[in-house]
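**Q** Sharing input.csv, CSV, C-alpha atoms:
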chain,number,residue,atom,x,y,z
A,1350,MET,CA,119.2,45.6,49.5
A,1351,ALA,CA,118.3,43.4,46.6
A,1352,GLY,CA,120.7,40.6,45.9
A,1353,PRO,CA,122.8,40.6,42.7
A,1354,LEU,CA,120.4,38.0,41.2
A,1355,ALA,CA,117.2,39.8,42.0
A,1356,GLN,CA,117.4,41.7,38.7
A,1357,PHE,CA,116.7,38.6,36.8
A,1358,GLN,CA,113.5,37.8,38.5
A,1359,ILE,CA,110.5,37.4,36.2
A,1360,LYS,CA,107.5,39.4,37.6
A,1361,PRO,CA,104.1,39.1,36.1
A,1362,ILE,CA,102.5,42.4,35.2
A,1363,ALA,CA,99.1,41.2,33.9
A,1364,HIS,CA,97.9,37.8,35.0
A,1365,ILE,CA,96.6,35.8,32.1
A,1366,ASN,CA,95.5,32.2,32.4
A,1367,ALA,CA,94.7,30.3,29.2
A,1368,GLY,CA,93.4,26.7,29.7
A,1369,GLY,CA,95.4,26.1,32.9
A,1370,MET,CA,98.6,27.6,31.3
A,1371,ASP,CA,100.2,30.6,32.8
A,1372,ILE,CA,100.8,33.0,29.9
A,1373,SER,CA,101.0,36.2,32.0
A,1374,PHE,CA,102.4,39.4,30.5
A,1375,THR,CA,105.7,39.7,32.5
A,1376,ASN,CA,108.4,42.3,32.8
A,1377,SER,CA,110.4,40.2,30.3
A,1378,ALA,CA,107.7,40.4,27.7
A,1379,LEU,CA,107.2,44.1,28.4
A,1380,TRP,CA,110.9,44.8,27.6
A,1381,MET,CA,110.7,42.7,24.4
A,1382,VAL,CA,107.7,44.9,23.3
A,1383,ILE,CA,109.7,48.0,24.2
A,1384,THR,CA,112.7,46.8,22.3
A,1385,ALA,CA,110.6,46.0,19.2
A,1386,VAL,CA,109.0,49.5,19.4
A,1387,VAL,CA,112.3,51.3,19.9
A,1388,VAL,CA,113.9,49.5,16.9
A,1389,THR,CA,110.8,50.3,14.7
A,1390,VAL,CA,110.9,53.9,15.8
A,1391,PHE,CA,114.6,54.1,15.3
A,1392,MET,CA,114.4,52.8,11.7
A,1393,VAL,CA,111.2,54.5,10.6
A,1394,ILE,CA,111.9,58.0,12.1
A,1395,GLY,CA,115.5,57.8,11.1
A,1396,MET,CA,114.6,57.1,7.4
A,1397,ARG,CA,111.6,59.4,7.2
A,1398,LYS,CA,113.3,62.4,5.7
A,1399,ARG,CA,115.4,60.5,3.2
A,1400,GLU,CA,117.9,63.2,2.7
A,1401,LEU,CA,120.7,63.0,0.2
A,1402,VAL,CA,123.1,64.1,2.9
A,1403,PRO,CA,121.9,62.1,5.9
A,1404,GLY,CA,121.5,63.6,9.4
A,1405,PRO,CA,122.7,61.8,12.5
A,1406,TRP,CA,119.7,59.5,12.9
A,1407,GLN,CA,119.5,58.7,9.2
A,1408,SER,CA,123.3,58.0,9.3
A,1409,MET,CA,122.8,55.5,12.2
A,1410,ALA,CA,119.9,53.7,10.5
A,1411,GLU,CA,121.9,53.5,7.2
A,1412,ALA,CA,125.0,52.3,9.0
A,1413,SER,CA,123.2,49.5,10.7
A,1414,TYR,CA,121.6,48.5,7.3
A,1415,GLU,CA,125.0,48.6,5.6
A,1416,PHE,CA,126.7,46.7,8.4
A,1417,ILE,CA,124.3,43.7,8.1
A,1418,GLY,CA,124.2,44.0,4.3
A,1419,ASN,CA,128.0,43.7,4.1
A,1420,MET,CA,128.0,40.9,6.6
A,1421,ILE,CA,125.5,38.9,4.5
A,1422,ARG,CA,127.4,39.6,1.3
A,1423,ASP,CA,130.7,38.6,2.8
A,1424,ASN,CA,129.5,35.5,4.5
A,1425,VAL,CA,126.7,34.1,2.5
A,1426,GLY,CA,126.9,35.7,-1.0
A,1427,ASP,CA,124.2,36.9,-3.3
A,1428,GLU,CA,121.7,34.1,-2.4
A,1429,GLY,CA,121.7,35.4,1.1
A,1430,ARG,CA,120.0,38.6,0.1
A,1431,LYS,CA,116.5,37.3,0.5
A,1432,PHE,CA,117.2,36.5,4.1
A,1433,PHE,CA,118.2,40.1,4.9
A,1434,PRO,CA,115.0,41.0,6.7
A,1435,PHE,CA,115.3,38.0,9.1
A,1436,ILE,CA,118.9,38.5,9.9
A,1437,PHE,CA,118.5,42.3,10.2
A,1438,THR,CA,115.6,41.9,12.6
A,1439,LEU,CA,117.5,39.3,14.6
A,1440,PHE,CA,120.5,41.6,15.0
A,1441,MET,CA,118.5,44.7,15.9
A,1442,PHE,CA,116.3,42.8,18.4
A,1443,ILE,CA,119.3,41.3,20.2
A,1444,LEU,CA,121.4,44.5,20.0
A,1445,PHE,CA,118.7,46.8,21.3
A,1446,GLY,CA,117.6,44.2,23.9
A,1447,ASN,CA,121.2,44.1,25.2
A,1448,LEU,CA,121.6,47.9,25.2
A,1449,LEU,CA,118.2,48.7,26.7
A,1450,GLY,CA,119.0,46.2,29.4
A,1451,LEU,CA,121.8,48.4,30.5
A,1452,LEU,CA,119.5,51.2,31.5
A,1453,PRO,CA,118.7,51.5,35.2
A,1454,TYR,CA,115.5,49.8,36.3
A,1455,SER,CA,115.2,48.0,33.0
A,1456,PHE,CA,115.1,44.2,32.4
A,1457,THR,CA,117.5,42.4,30.2
A,1458,PHE,CA,115.5,39.6,28.5
A,1459,THR,CA,118.6,38.3,26.7
A,1460,SER,CA,120.0,37.2,30.1
A,1461,HIS,CA,117.4,34.4,30.2
A,1462,ILE,CA,118.4,31.2,28.5
A,1463,ILE,CA,114.9,30.4,27.5
A,1464,VAL,CA,114.7,33.6,25.4
A,1465,THR,CA,118.1,33.1,23.7
A,1466,ALA,CA,117.3,29.4,23.2
A,1467,VAL,CA,114.1,30.2,21.4
A,1468,LEU,CA,115.9,32.7,19.2
A,1469,ALA,CA,118.6,30.2,18.4
A,1470,LEU,CA,116.1,27.4,17.8
A,1471,PHE,CA,114.1,29.5,15.3
A,1472,MET,CA,117.2,30.2,13.4
A,1473,PHE,CA,118.4,26.6,13.6
A,1474,ILE,CA,115.1,25.1,12.4
A,1475,GLY,CA,114.7,27.8,9.7
A,1476,VAL,CA,118.2,27.2,8.4
A,1477,THR,CA,117.8,23.4,8.4
A,1478,LEU,CA,114.5,23.8,6.5
A,1479,VAL,CA,116.2,26.1,4.0
A,1480,GLY,CA,118.9,23.5,3.4
A,1481,LEU,CA,116.4,20.7,3.0
A,1482,ALA,CA,114.3,22.7,0.6
A,1483,LYS,CA,117.2,23.6,-1.5
A,1484,HIS,CA,119.1,20.3,-1.6
A,1485,GLY,CA,116.4,17.7,-0.6
A,1486,LEU,CA,117.8,14.5,0.8
A,1487,HIS,CA,121.2,15.4,-0.5
A,1488,PHE,CA,121.3,17.7,2.5
A,1489,PHE,CA,122.2,14.7,4.7
A,1490,SER,CA,125.4,14.1,2.8
A,1491,PHE,CA,126.5,17.1,4.9
A,1492,PHE,CA,127.1,14.7,7.8
A,1493,VAL,CA,129.5,12.5,5.9
A,1494,PRO,CA,132.8,14.2,5.5
A,1495,SER,CA,134.5,13.3,2.3
A,1496,GLY,CA,138.0,12.0,2.4
A,1497,VAL,CA,137.4,10.1,5.6
A,1498,PRO,CA,138.5,6.4,5.6
A,1499,LYS,CA,135.5,4.0,5.4
A,1500,PHE,CA,136.0,2.4,8.9
A,1501,MET,CA,135.9,5.9,10.5
A,1502,ILE,CA,132.5,6.7,9.0
A,1503,PRO,CA,130.4,5.1,11.8
A,1504,ILE,CA,132.3,7.2,14.3
A,1505,MET,CA,132.3,10.4,12.3
A,1506,ILE,CA,128.5,10.5,11.6
A,1507,PRO,CA,127.5,10.8,15.2
A,1508,ILE,CA,130.2,13.3,15.9
A,1509,GLU,CA,129.0,15.4,13.0
A,1510,VAL,CA,125.4,15.1,14.1
A,1511,ILE,CA,126.3,16.1,17.6
A,1512,SER,CA,128.3,19.1,16.4
A,1513,TYR,CA,125.4,20.1,14.2
A,1514,LEU,CA,122.9,19.9,17.1
A,1515,SER,CA,125.2,21.8,19.4
A,1516,ARG,CA,124.9,24.9,17.2
A,1517,PRO,CA,121.8,26.3,18.8
A,1518,VAL,CA,123.0,25.3,22.2
A,1519,SER,CA,126.3,27.1,21.9
A,1520,LEU,CA,124.6,30.2,20.4
A,1521,SER,CA,122.1,30.5,23.2
A,1522,ILE,CA,124.6,29.7,26.0
A,1523,ARG,CA,127.0,32.3,24.7
A,1524,LEU,CA,124.5,35.1,24.6
A,1525,PHE,CA,122.8,34.3,27.8
A,1526,ALA,CA,126.0,33.6,29.8
A,1527,ASN,CA,127.7,36.8,28.7
A,1528,MET,CA,124.7,39.0,29.5
A,1529,MET,CA,124.0,37.3,32.9
A,1530,ALA,CA,127.6,37.3,34.0
A,1531,GLY,CA,128.1,41.0,33.2
A,1532,HIS,CA,125.0,42.2,34.9
A,1533,THR,CA,125.6,40.1,38.0
A,1534,MET,CA,129.2,41.4,38.2
A,1535,MET,CA,127.9,45.0,38.0
A,1536,LYS,CA,125.4,44.4,40.8
A,1537,VAL,CA,128.0,42.8,43.0
A,1538,PHE,CA,130.4,45.7,42.6
A,1539,ALA,CA,127.6,48.2,43.1
A,1540,GLY,CA,126.7,46.4,46.4
A,1541,PHE,CA,130.2,47.1,47.7
A,1542,VAL,CA,130.0,50.8,47.0
A,1543,PHE,CA,127.9,51.7,50.1
A,1544,ALA,CA,129.2,48.8,52.2
A,1545,LEU,CA,132.8,50.1,52.1
A,1546,GLY,CA,132.1,53.7,53.0
A,1547,VAL,CA,134.9,56.0,51.7
A,1548,ALA,CA,136.8,53.1,50.1
A,1549,GLY,CA,133.7,52.6,48.0
A,1550,VAL,CA,135.2,54.8,45.4
A,1551,ALA,CA,137.2,51.9,44.2
A,1552,PRO,CA,134.2,49.6,43.3
A,1553,LEU,CA,132.5,52.7,41.9
A,1554,LEU,CA,135.3,53.3,39.5
A,1555,MET,CA,135.3,49.6,38.6
A,1556,ASN,CA,131.6,49.9,37.8
A,1557,VAL,CA,132.3,52.8,35.5
A,1558,ALA,CA,134.8,50.6,33.6
A,1559,LEU,CA,132.4,47.6,33.7
A,1560,THR,CA,129.6,49.7,32.2
A,1561,GLY,CA,131.8,50.5,29.2
A,1562,PHE,CA,132.8,46.9,28.9
A,1563,GLU,CA,129.1,45.9,29.0
A,1564,VAL,CA,128.3,48.2,26.1
A,1565,LEU,CA,131.1,46.5,24.2
A,1566,VAL,CA,129.8,43.0,25.1
A,1567,ALA,CA,126.2,44.0,24.1
A,1568,PHE,CA,127.5,44.9,20.6
A,1569,LEU,CA,129.8,42.0,20.4
A,1570,GLN,CA,127.3,39.3,21.4
A,1571,ALA,CA,124.7,40.7,18.9
A,1572,TYR,CA,127.4,40.6,16.3
A,1573,VAL,CA,128.5,37.1,17.1
A,1574,PHE,CA,125.0,35.7,17.1
A,1575,THR,CA,124.3,37.3,13.7
A,1576,VAL,CA,127.6,36.4,12.0
A,1577,LEU,CA,127.2,32.8,13.1
A,1578,THR,CA,123.6,32.8,11.7
A,1579,CYS,CA,125.1,34.0,8.4
A,1580,LEU,CA,127.8,31.2,8.5
A,1581,TYR,CA,125.1,28.5,9.2
A,1582,LEU,CA,123.0,29.9,6.4
A,1583,ASN,CA,126.0,29.7,4.1
A,1584,ASP,CA,126.5,26.1,5.0
A,1585,ALA,CA,122.9,25.2,4.3
A,1586,LEU,CA,122.9,27.0,1.0
A,1587,HIS,CA,126.2,25.8,-0.3
A,1588,LEU,CA,126.8,22.3,1.0
A,1589,HIS,CA,130.5,21.5,1.1
B,752,MET,CA,127.4,83.3,-14.9
B,753,THR,CA,126.0,81.1,-12.3
B,754,GLU,CA,126.2,78.2,-14.7
B,755,GLY,CA,129.8,79.0,-15.5
B,756,LYS,CA,130.6,79.1,-11.8
B,757,GLN,CA,128.8,76.0,-10.9
B,758,LYS,CA,130.2,73.6,-13.5
B,759,PRO,CA,133.9,73.8,-12.4
B,760,SER,CA,132.8,73.7,-8.8
B,761,LEU,CA,131.0,70.4,-9.3
B,762,ASP,CA,134.0,69.0,-11.2
B,763,GLU,CA,136.2,70.1,-8.4
B,764,LEU,CA,133.9,68.5,-5.9
B,765,ASP,CA,134.1,65.3,-8.0
B,766,ALA,CA,137.9,65.4,-8.0
B,767,LYS,CA,138.0,66.0,-4.3
B,768,ILE,CA,135.6,63.1,-3.6
B,769,LYS,CA,137.7,60.8,-5.8
B,770,ALA,CA,140.9,61.8,-4.1
B,771,ALA,CA,139.4,61.4,-0.6
B,772,ARG,CA,138.1,57.9,-1.6
B,773,GLU,CA,141.4,56.8,-2.9
B,774,ASN,CA,143.1,58.1,0.2
B,775,SER,CA,140.8,56.3,2.5
B,776,GLN,CA,141.1,53.1,0.5
B,777,ARG,CA,144.9,53.3,0.7
B,778,ASN,CA,144.7,53.9,4.5
B,779,GLY,CA,142.2,51.0,4.9
B,780,ARG,CA,144.5,48.7,3.0
B,781,ARG,CA,147.5,49.7,5.1
B,782,LYS,CA,145.5,49.1,8.3
B,783,ASN,CA,144.6,45.6,7.0
B,784,ALA,CA,148.1,44.8,6.2
B,785,VAL,CA,149.3,45.7,9.6
B,786,GLY,CA,146.5,43.7,11.0
B,787,ASP,CA,145.8,45.6,14.2
B,788,GLY,CA,143.3,48.4,14.9
B,789,ASP,CA,140.0,48.3,16.6
B,790,ALA,CA,138.2,46.1,14.1
B,791,ALA,CA,140.8,43.3,14.2
B,792,ASN,CA,140.8,43.5,18.0
B,793,ARG,CA,137.1,43.2,18.3
B,794,GLN,CA,137.1,40.2,15.9
B,795,GLY,CA,139.7,38.5,18.2
B,796,ILE,CA,137.5,38.9,21.2
B,797,ALA,CA,134.5,37.6,19.3
B,798,PHE,CA,136.4,34.6,18.1
B,799,ALA,CA,137.6,33.8,21.7
B,800,PHE,CA,134.0,33.9,23.0
B,801,ARG,CA,133.1,31.6,20.2
B,802,LEU,CA,135.7,28.9,20.8
B,803,GLY,CA,135.0,28.7,24.5
B,804,THR,CA,131.3,27.9,24.2
B,805,GLU,CA,131.7,25.6,21.2
B,806,LEU,CA,133.5,23.0,23.3
B,807,VAL,CA,131.0,23.1,26.2
B,808,ALA,CA,127.9,23.1,24.0
B,809,SER,CA,129.0,19.9,22.1
B,810,LEU,CA,129.6,18.1,25.4
B,811,VAL,CA,126.2,19.2,26.7
B,812,VAL,CA,124.5,18.0,23.6
B,813,GLY,CA,126.4,14.7,23.7
B,814,VAL,CA,125.6,14.0,27.4
B,815,GLY,CA,122.0,15.1,26.9
B,816,LEU,CA,121.5,12.7,24.0
B,817,GLY,CA,123.2,9.9,25.9
B,818,MET,CA,121.0,10.4,28.9
B,819,LEU,CA,117.9,10.6,26.7
B,820,LEU,CA,118.7,7.4,24.9
B,821,ASP,CA,119.4,5.6,28.2
B,822,TYR,CA,116.1,6.8,29.7
B,823,TRP,CA,114.3,5.7,26.5
B,824,LEU,CA,115.9,2.3,26.0
B,825,ASP,CA,116.6,1.6,29.7
B,826,THR,CA,120.3,0.9,29.2
B,827,LYS,CA,121.9,3.0,31.9
B,828,PRO,CA,124.7,4.0,31.7
B,829,TRP,CA,126.0,2.7,28.4
B,830,PHE,CA,124.7,5.4,26.0
B,831,LEU,CA,125.8,8.1,28.4
B,832,ILE,CA,129.4,6.9,28.3
B,833,VAL,CA,129.4,6.5,24.6
B,834,PHE,CA,127.8,9.8,23.9
B,835,PHE,CA,130.0,11.6,26.4
B,836,LEU,CA,133.0,10.5,24.4
B,837,LEU,CA,131.4,11.4,21.1
B,838,GLY,CA,130.4,14.8,22.4
B,839,ALA,CA,133.9,15.5,23.6
B,840,GLY,CA,135.2,14.4,20.2
B,841,SER,CA,132.8,16.7,18.4
B,842,GLY,CA,133.6,19.6,20.6
B,843,ILE,CA,137.3,19.2,19.9
B,844,THR,CA,136.6,18.8,16.2
B,845,SER,CA,134.6,22.0,16.0
B,846,VAL,CA,137.1,24.0,18.0
B,847,TYR,CA,139.9,22.6,15.8
B,848,ARG,CA,137.9,23.6,12.7
B,849,ALA,CA,137.2,27.1,14.0
B,850,ALA,CA,140.7,27.6,15.1
B,851,SER,CA,142.3,26.4,11.9
B,852,GLY,CA,140.1,28.8,9.9
B,853,LEU,CA,138.0,26.1,8.3
B,854,ASP,CA,135.0,27.4,10.2
B,855,ILE,CA,132.7,25.3,12.2
B,856,SER,CA,131.0,23.9,9.2
B,857,VAL,CA,129.8,20.4,9.9
B,858,GLY,CA,131.1,17.9,7.5
B,859,TYR,CA,133.6,20.1,6.0
B,860,ALA,CA,135.1,18.5,2.9
B,861,ASN,CA,138.5,19.7,2.4
B,862,LYS,CA,138.3,20.1,-1.4
B,863,GLY,CA,140.9,22.8,-1.7
B,864,GLY,CA,142.3,23.5,1.7
B,865,LYS,CA,144.3,26.5,0.7
B,866,ASP,CA,141.4,28.1,-1.1
B,867,ALA,CA,139.1,27.7,1.9
B,868,ILE,CA,141.6,29.4,4.2
B,869,ASP,CA,142.2,32.2,1.7
B,870,GLU,CA,138.4,32.7,1.5
B,871,GLN,CA,138.2,32.8,5.3
B,872,ASP,CA,140.9,35.5,5.4
B,873,GLU,CA,139.0,37.5,2.9
B,874,THR,CA,135.8,37.4,4.9
B,875,HIS,CA,137.7,38.5,8.0
B,876,LYS,CA,139.1,41.5,6.1
B,877,GLY,CA,135.7,42.3,4.7
B,878,ASN,CA,134.3,42.6,8.1
Give the structure from the file, written as C-alpha cells.
**A**
Amino acid sequence: MAGPLAQFQIKPIAHINAGGMDISFTNSALWMVITAVVVTVFMVIGMRKRELVPGPWQSMAEASYEFIGNMIRDNVGDEGRKFFPFIFTLFMFILFGNLLGLLPYSFTFTSHIIVTAVLALFMFIGVTLVGLAKHGLHFFSFFVPSGVPKFMIPIMIPIEVISYLSRPVSLSIRLFANMMAGHTMMKVFAGFVFALGVAGVAPLLMNVALTGFEVLVAFLQAYVFTVLTCLYLNDALHLH
Amino acid sequence: MTEGKQKPSLDELDAKIKAARENSQRNGRRKNAVGDGDAANRQGIAFAFRLGTELVASLVVGVGLGMLLDYWLDTKPWFLIVFFLLGAGSGITSVYRAASGLDISVGYANKGGKDAIDEQDETHKGN
C-alpha cells in the first residue's frame, strides 16, 4: 500500500528538457491546467444564458463574483476595483485547486510549498510595485512608524522590514501546511480502515468527518489568501 | 383587461420584494448584533489560522536573513543572533497588531486609534 506521503509525489508525464533544465510536464502541472480549464468552463458556461432569473450555475457564478466584489469593496475601497480580475483569478484558482485536490486519484498542487510560494511572491511583488508606482519613494515611509521615540527607530525599522518580508512566507506556509496536513491525515486514517478489520469502521467514520472538514479548509484557505491580498493591497494604496 | 390585471400584480410584486428585503435586512442586523452564526464562526477560524503562521513566518524570515548576512559577510554567528531576536520581535508585533484589530499593516501609524478599530469592526461585519 502507498504511504501517506506518496500522494504528494511529483511524477513527470511528458519529459521536456530545455538547455539542461528539466521542465517536464508533471502531474502537478496537469492539475493546474485542469483547474484553469474547470474555472473557465464554470464561469463561461454559467454566464452564457444571462437570464434575469438565474439558474443554479449562473447563481453560483454570480455568487462567486459578488463574494470577491464585496471583499474588495470592504477591504480596499473603490481604488481596488481595477485589481478585481487579478484577485478573482487568484481566489478561483486556489479554491478550485483545493477542491479538485479532494477528488480521488487527483493531485493537490496547493499542497506544495513551491506552488504557494510562487503565488504569494507574485502577489507580494505586484503589491509592492503598485505601492511604489503610486507613492514613489514616499512608500518607504511605510517602514517608519510614526509616534515612535527617536532612539527606538533603528530597532523598529528592521522589525518592520522583517514583518513586511514575512508576508509572502506566512501566506505560502499557511496554505501549503493546511492542505498537506489535511491530506496526510486522511491517508493515515484510510490506511487504518483495512488494517483494523471490523474495527475499521471507526477510522472510516473519522474519514467521513475529515472529508467534510477538508472541504471547509479548502474554502477557508482560499478565503484567507484572498482577504490578506486585499489587506496588503489596501496598505500599498493608502499608506498609513 | 390584461393590462388592468398586470399593473396591480407588478405593484404587488414590488411591495412584496420590498417587504422581504426589509425583513431580511432586519434579520441580518439582528444576527450581527448577536455576533454568532456561521459567518462569524468561520471568520474566527480564519483568524486563528492567520495568527499562528504570522509568528512562525516572521521568525523564519529573521533567521533566514541573519544566516544570509553571516554567509555573505563571514561574521558567524553574530547576524544570526541579532536577526533571530529581531524576527521574534517582529513576529510578536504582527500578532499583537492582528489581535488588537489594528491589522497586520506594517508601520501602522496610530492616527486615530478608535477610528481604526471601528473600521475594522465594520469590515468584519461586511464580510
**Q** Hey, could you make a per-residue contact list for chain A against chain B with 7 Å as the cut-off, showing the nearest pair of atoms and its distance in Å to one decimal, counting only C-alpha atoms, sorted by chain and number, as a tab-separated table?
**A**
residue	atom	partner	partner_atom	distance
A:Met1420	CA	B:Asn878	CA	6.7
A:Asp1423	CA	B:Thr874	CA	5.6
A:Asn1424	CA	B:Thr874	CA	6.6
A:Phe1491	CA	B:Gly858	CA	5.3
A:Phe1492	CA	B:Gly858	CA	5.1
A:Val1493	CA	B:Gly858	CA	5.9
A:Pro1494	CA	B:Gly858	CA	4.5
A:Ser1495	CA	B:Ala860	CA	5.3
A:Ile1508	CA	B:Ser841	CA	5.0
A:Glu1509	CA	B:Val857	CA	5.9
A:Ile1511	CA	B:Gly813	CA	6.3
A:Ser1512	CA	B:Ser841	CA	5.5
A:Tyr1513	CA	B:Val857	CA	6.2
A:Leu1514	CA	B:Val812	CA	7.0
A:Ser1515	CA	B:Ser809	CA	5.0
A:Val1518	CA	B:Ala808	CA	5.7
A:Ser1519	CA	B:Ala808	CA	4.8
A:Arg1523	CA	B:Thr804	CA	6.2
A:Leu1569	CA	B:Ala797	CA	6.5
A:Val1573	CA	B:Ala797	CA	6.4
A:Asp1584	CA	B:Ser856	CA	6.5
A:His1589	CA	B:Ala860	CA	5.8
**Q** Could you give me, as number ranges by chain, the residues that have an atom at most 12 Å away from the point (112.4, 48.3, 33.5) in the coordinates of the file, using only C-alpha atoms?
**A** A: 1356-1360, 1362, 1375-1384, 1446, 1449-1458
**Q** Quick one: pull the distance between CA of Met1396 (chain A) and CA of Leu764 (chain B), Å, one decimal.
**A**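 Atom-to-atom, CA of Met1396 (chain A) to CA of Leu764 (chain B), that is 26.1 Å.
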**Q** Please provide as number ranges by chain all residues within 7 Å of Leu1559 (chain A), with the sequence filter that same-chain residues fewer than 4 positions apart are discarded (counting all atoms listed in the file).
**A** A: 1535, 1555, 1563
**Q** Rounded to one decimal, what separation in Å do you get between CA of Val1576 (chain A) and CA of Ala1530 (chain A)?
**A**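 Separation between CA of Val1576 (chain A) and CA of Ala1530 (chain A): 22.0 Å.
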**Q** If you measure from CA of Gln1407 (chain A) to CA of Thr1465 (chain A), what distance in Å do you get, rounded to one decimal?
**A**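 According to the coordinates, CA of Gln1407 (chain A) and CA of Thr1465 (chain A) are separated by 29.5 Å.
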**Q** Residues near Gly1531 (chain A), anyone? I mean within 12 Å using only C-alpha atoms, not counting same-chain ones fewer than 4 positions away, as a PyMOL selection string.
**A** chain A and resi 1353-1354+1447+1450-1451+1457+1459-1460+1524-1527+1535-1538+1556+1558-1567+1570
**Q** Can you tell me, as AutoDock Vina command-line options, the centre and edge lengths (Å, one decimal) of the axis-aligned box enclosing all of region 1505-1515 of chain A's listed atoms after padding each side by 8 Å?
**A**
--center_x 127.6 --center_y 16.1 --center_z 15.5 --size_x 25.4 --size_y 27.4 --size_z 23.8
**Q** For a quick check of understanding, using only C-alpha atoms, which of A:Ala1363, A:Gly1549, A:Ile1436, A:Met1534 has the smallest distance to Tyr1414 (chain A)?
**A**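 Selected residue with least distance to Tyr1414 (chain A): A:Ile1436.
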